[in-house]
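Okay, so here's the structure we're looking at.
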Amino acid sequence: MTERIDHTLRGRWTPSTGTLPPHALRWLRQRTGLAEVRTPARAPVVPASALSDAARTALDSVVGPGFVRVDRDSRLGRAGGLSYVDILEQRGEGALAVPDAVVLPASPDQVVDVLRACVEHDVAVVPFGGGTSVVGGVAALRGDKAAVIALDLARLDALVSVDPVSRVAVLQAGVTAPEADRLLAPHGFTLGHVPQSYERATVGGFAATRSAGQASAGYGRFEDLVEGVRLAAPVGEWRLGVAPASAAGPDLKQLVIGSEGAFGVITEVALRVRPRPVVERYEGFVVDGWARGADVVRSLAQRRVLADVTRLSDVDETEVSLALAGGWQTAALRAYLRARRVARPCLLVLGWHGASPAEVRRRRREALRGLDLLPLGRPLGEAWRHGRFAGPRRRDALVEVGVCVETLETATHWSRVHELRGTVRAALRDALGECLVMCHISHAYETGASLYFTVLAPRSVADPIGQWQVAKAAAGEAVAGLGTISHHHAVGRDHAPYLEAEIGGLGLDVLASVKRALDPTGVLNPGKLLPSGLTSPS
């Protein structure tokens, strides 16, 4: 299981000791040609801290004794995120970028002062929340600076205020998603934002990456929830958001939301909150064939009757889910599908939240009206709900037995969904050879959908990191022109080369101008969001 060891409020992600069930391992070997070889982890190299004594003294004076950490465990615990490449580097493959120090401010004002000290002492700053980025967003890159710190926001952990009449809550950026819901519960509210990273990710991270949760069809993407932001930048503090809507020029909040720590550090977020649901109902269904299933999801979206959670797995993902689950229930389900002459089963999970059983029944009835679905019942839907955060744990077990396992996501309009899925699948297969490429629709809109891919392949012994980087580049090229480079994982380091194809050279110039206005010396999160050449001081 992927867990943090609590060295300094938040500590290091370490590989799981869990293992795959024998039947799952046998199936993977048969399906992918996986060899019976394990690659033991090695301790990563942690170089000596390059933070100067003068910089450390200045930072100590801001955050107080004990909150500038330069010990090995603290630094290693903020070295990278949770991508496949991150995991390999943390297991001793390649060169892991390790911050020179971890700094833990206790207030928004301290964050501003930390940034000013870093400008004075030529130190790069990587904002760090839950460390769940899978696109290199928290890699400890220093760019052209003398040193780099991880700015851990764990001490910014307060519920600042709740306005129950307006249904707006202000939370500090270091509050994790479970803690946010715990803090809001006595007031009768919830965020309703539940991505797979829910257990670790933070409010500030959600805003900085334009996060989307599994129930975004009902509660909205995270940017839809943001009423206001408080941003610390090297040039000062910026507060945005005074009303639920405004025509006072362009919405500058949108420059901050999704800025990935490159323009400033989000320290507080004012969020629209919802009453806690009284009833949650999750069910599983099967559709015969991907194209038919996509039509079902499109119908739900365009009739505006989407369930709060709407997730369609393709045939390959459904097959893998059943194979890895195993057991008599899976055998019984396969027999049932054969008896119903379902040739290409695609699993559809629908989940409804409501204020009463009657409301959920009404919404369910409206959604299912006229649809050709094979119901599998609530146990399967509940099984998905209870296991929905297990992806990182399964990945750890797969990495342990020599599997290259990674995900990527995109989005496009309905008229191009099948073309995009086919093109990305072909690119990944060409790059990796024998492999499994699974896909599901994770989020749906009236005009299109997000496609989320999971890849399983035997890991290269000679160059495991290069193996995935080649495949990722092939997928990125396949997406260009057909969809977005990221629907909810953000840009980070890994997607930055593809941003110009999506927003154009002029778009990059606009973002670079904002960067130079807020971060003139370029200390904030080097190498993320924008190509480094565009973020150099003017």
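We label chains A, B, ... in the order they appear in the structure tokens, count residues from 1 in each chain, and number ligands from 1 in the order shown.
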**Prompt:** Which of stretch 340-491 of chain A counts as alpha helix (DSSP H) under DSSP, as an MDAnalysis selection string please?
**Reply:** chainID A and resid 357:368 378:386 391:400 417:432 464:479
Export of prior selection with C-alpha atoms as a PDB file, in the first residue's frame:
```
ATOM      1  CA  PRO A 357     -34.637   8.322  -1.102  1.00  0.00           C
ATOM      2  CA  ALA A 358     -37.467   9.806  -3.153  1.00  0.00           C
ATOM      3  CA  GLU A 359     -35.113  12.274  -4.876  1.00  0.00           C
ATOM      4  CA  VAL A 360     -32.649   9.519  -5.768  1.00  0.00           C
ATOM      5  CA  ARG A 361     -35.430   7.258  -7.071  1.00  0.00           C
ATOM      6  CA  ARG A 362     -36.753  10.084  -9.254  1.00  0.00           C
ATOM      7  CA  ARG A 363     -33.347  10.908 -10.707  1.00  0.00           C
ATOM      8  CA  ARG A 364     -32.575   7.228 -11.298  1.00  0.00           C
ATOM      9  CA  ARG A 365     -35.889   6.685 -13.065  1.00  0.00           C
ATOM     10  CA  GLU A 366     -35.371   9.699 -15.345  1.00  0.00           C
ATOM     11  CA  ALA A 367     -31.825   8.617 -16.199  1.00  0.00           C
ATOM     12  CA  LEU A 368     -32.624   4.994 -17.021  1.00  0.00           C
ATOM     13  CA  ARG A 378     -26.120  -2.459  -6.189  1.00  0.00           C
ATOM     14  CA  PRO A 379     -23.428  -4.839  -4.860  1.00  0.00           C
ATOM     15  CA  LEU A 380     -21.276  -4.277  -7.939  1.00  0.00           C
ATOM     16  CA  GLY A 381     -21.753  -0.507  -7.744  1.00  0.00           C
ATOM     17  CA  GLU A 382     -20.929  -0.507  -4.061  1.00  0.00           C
ATOM     18  CA  ALA A 383     -17.863  -2.669  -4.682  1.00  0.00           C
ATOM     19  CA  TRP A 384     -16.602  -0.034  -7.137  1.00  0.00           C
ATOM     20  CA  ARG A 385     -17.307   2.776  -4.640  1.00  0.00           C
ATOM     21  CA  HIS A 386     -15.468   1.077  -1.791  1.00  0.00           C
ATOM     22  CA  GLY A 391      -5.572   2.316  -7.875  1.00  0.00           C
ATOM     23  CA  PRO A 392      -2.250   3.478  -6.354  1.00  0.00           C
ATOM     24  CA  ARG A 393      -2.171   0.407  -4.101  1.00  0.00           C
ATOM     25  CA  ARG A 394      -2.740  -1.941  -7.034  1.00  0.00           C
ATOM     26  CA  ARG A 395      -0.069  -0.100  -8.987  1.00  0.00           C
ATOM     27  CA  ASP A 396       2.489  -0.605  -6.235  1.00  0.00           C
ATOM     28  CA  ALA A 397       1.826  -4.346  -6.341  1.00  0.00           C
ATOM     29  CA  LEU A 398       2.114  -4.384 -10.134  1.00  0.00           C
ATOM     30  CA  VAL A 399       5.379  -2.429 -10.109  1.00  0.00           C
ATOM     31  CA  GLU A 400       6.745  -4.890  -7.568  1.00  0.00           C
ATOM     32  CA  VAL A 417     -14.354  10.167 -29.013  1.00  0.00           C
ATOM     33  CA  HIS A 418     -13.904   6.938 -30.952  1.00  0.00           C
ATOM     34  CA  GLU A 419     -11.173   8.354 -33.189  1.00  0.00           C
ATOM     35  CA  LEU A 420      -9.234   9.676 -30.206  1.00  0.00           C
ATOM     36  CA  ARG A 421      -9.532   6.415 -28.291  1.00  0.00           C
ATOM     37  CA  GLY A 422      -8.392   4.379 -31.282  1.00  0.00           C
ATOM     38  CA  THR A 423      -5.490   6.677 -32.110  1.00  0.00           C
ATOM     39  CA  VAL A 424      -4.108   6.727 -28.559  1.00  0.00           C
ATOM     40  CA  ARG A 425      -4.487   2.966 -28.159  1.00  0.00           C
ATOM     41  CA  ALA A 426      -2.639   2.350 -31.423  1.00  0.00           C
ATOM     42  CA  ALA A 427       0.167   4.746 -30.468  1.00  0.00           C
ATOM     43  CA  LEU A 428       0.682   3.073 -27.104  1.00  0.00           C
ATOM     44  CA  ARG A 429       0.659  -0.425 -28.594  1.00  0.00           C
ATOM     45  CA  ASP A 430       3.135   0.554 -31.297  1.00  0.00           C
ATOM     46  CA  ALA A 431       5.465   2.000 -28.663  1.00  0.00           C
ATOM     47  CA  LEU A 432       5.190  -0.767 -26.067  1.00  0.00           C
ATOM     48  CA  PRO A 464      12.324   1.140 -17.640  1.00  0.00           C
ATOM     49  CA  ILE A 465      12.033   4.925 -17.467  1.00  0.00           C
ATOM     50  CA  GLY A 466      12.846   5.423 -21.149  1.00  0.00           C
ATOM     51  CA  GLN A 467      10.347   2.702 -22.082  1.00  0.00           C
ATOM     52  CA  TRP A 468       7.459   4.706 -20.624  1.00  0.00           C
ATOM     53  CA  GLN A 469       8.758   8.089 -21.771  1.00  0.00           C
ATOM     54  CA  VAL A 470       8.740   6.880 -25.381  1.00  0.00           C
ATOM     55  CA  ALA A 471       5.188   5.561 -24.981  1.00  0.00           C
ATOM     56  CA  LYS A 472       4.015   8.747 -23.255  1.00  0.00           C
ATOM     57  CA  ALA A 473       5.470  10.886 -26.040  1.00  0.00           C
ATOM     58  CA  ALA A 474       3.698   8.741 -28.639  1.00  0.00           C
ATOM     59  CA  ALA A 475       0.413   9.179 -26.794  1.00  0.00           C
ATOM     60  CA  GLY A 476       0.974  12.924 -26.498  1.00  0.00           C
ATOM     61  CA  GLU A 477       1.545  13.225 -30.225  1.00  0.00           C
ATOM     62  CA  ALA A 478      -1.572  11.134 -30.871  1.00  0.00           C
ATOM     63  CA  VAL A 479      -3.709  13.415 -28.718  1.00  0.00           C
TER      64      VAL A 479
END
```
**Message:** Can you pull out the residues contacting stretch 137-141 of chain A? Cut-off 7 Å, using only C-alpha atoms, and skip same-chain residues under 5 positions away; I want them as a list of chain:residue names.
**Reply:** A:Ala79, A:Gly80, A:Gly81, A:Ala97, A:Val98, A:Pro99, A:Val126, A:Phe128, A:Gly131, A:Val148, A:Gly492, A:Arg493, A:Pro526, A:Gly527, A:Lys528
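Omitting A:Thr447 and its sequence neighbours fewer than 5 positions away, and counting only C-alpha atoms, the residues within 12 Å are Val297, Arg298, Ser299, Leu300, Ala301, Gln302, Arg303, Arg304, Ala411, Thr412, His413, Trp414, Ser415, Arg416 and Val417 of chain A.
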Would you export the selected residues with C-alpha atoms as a compact mmCIF listing (two decimals), in the first residue's frame, please?
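Output (out24.txt):
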```txt
# COMPACT_ATOMS: atom_id res chain seq x y z
CA VAL A 297 -23.38 8.09 -21.66
CA ARG A 298 -23.85 10.74 -24.35
CA SER A 299 -27.62 10.33 -24.06
CA LEU A 300 -27.46 10.82 -20.29
CA ALA A 301 -25.34 13.95 -20.71
CA GLN A 302 -27.38 15.51 -23.48
CA ARG A 303 -30.68 14.77 -21.73
CA ARG A 304 -29.10 16.39 -18.63
CA ALA A 411 -10.97 14.82 -23.46
CA THR A 412 -12.64 15.60 -26.75
CA HIS A 413 -16.02 16.21 -28.36
CA TRP A 414 -18.45 13.33 -28.85
CA SER A 415 -17.92 13.28 -32.60
CA ARG A 416 -14.21 12.44 -32.07
CA VAL A 417 -14.35 10.17 -29.01
```
Closest atom pairs, stretch 490-519 of chain A residues within 12 Å of stretch 226-249 of chain A, only C-alpha atoms, as a tab-separated table:
```
residue	atom	partner	partner_atom	distance
A:Val514	CA	A:Ala233	CA	11.5
A:Lys515	CA	A:Ala233	CA	10.0
A:Arg516	CA	A:Val235	CA	10.2
A:Ala517	CA	A:Val235	CA	8.1
A:Leu518	CA	A:Val235	CA	5.9
A:Asp519	CA	A:Pro234	CA	5.6
```
Suppose we keep C-alpha atoms; can you now write the selection as a PDB file, in the first residue's frame?
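Produced file result.pdb, reproduced below:
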```pdb
ATOM      1  CA  VAL A 514       1.597  36.863 -16.286  1.00  0.00           C
ATOM      2  CA  LYS A 515       4.477  34.810 -14.905  1.00  0.00           C
ATOM      3  CA  ARG A 516       6.905  37.696 -15.296  1.00  0.00           C
ATOM      4  CA  ALA A 517       4.462  40.122 -13.625  1.00  0.00           C
ATOM      5  CA  LEU A 518       3.947  37.939 -10.542  1.00  0.00           C
ATOM      6  CA  ASP A 519       7.305  36.143 -10.372  1.00  0.00           C
TER       7      ASP A 519
END
```
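Among the candidate residues A:Leu371, A:Leu96, A:Leu376, A:Val123, the one lying nearest to A:Thr330 is A:Leu376, with distances computed using only C-alpha atoms.
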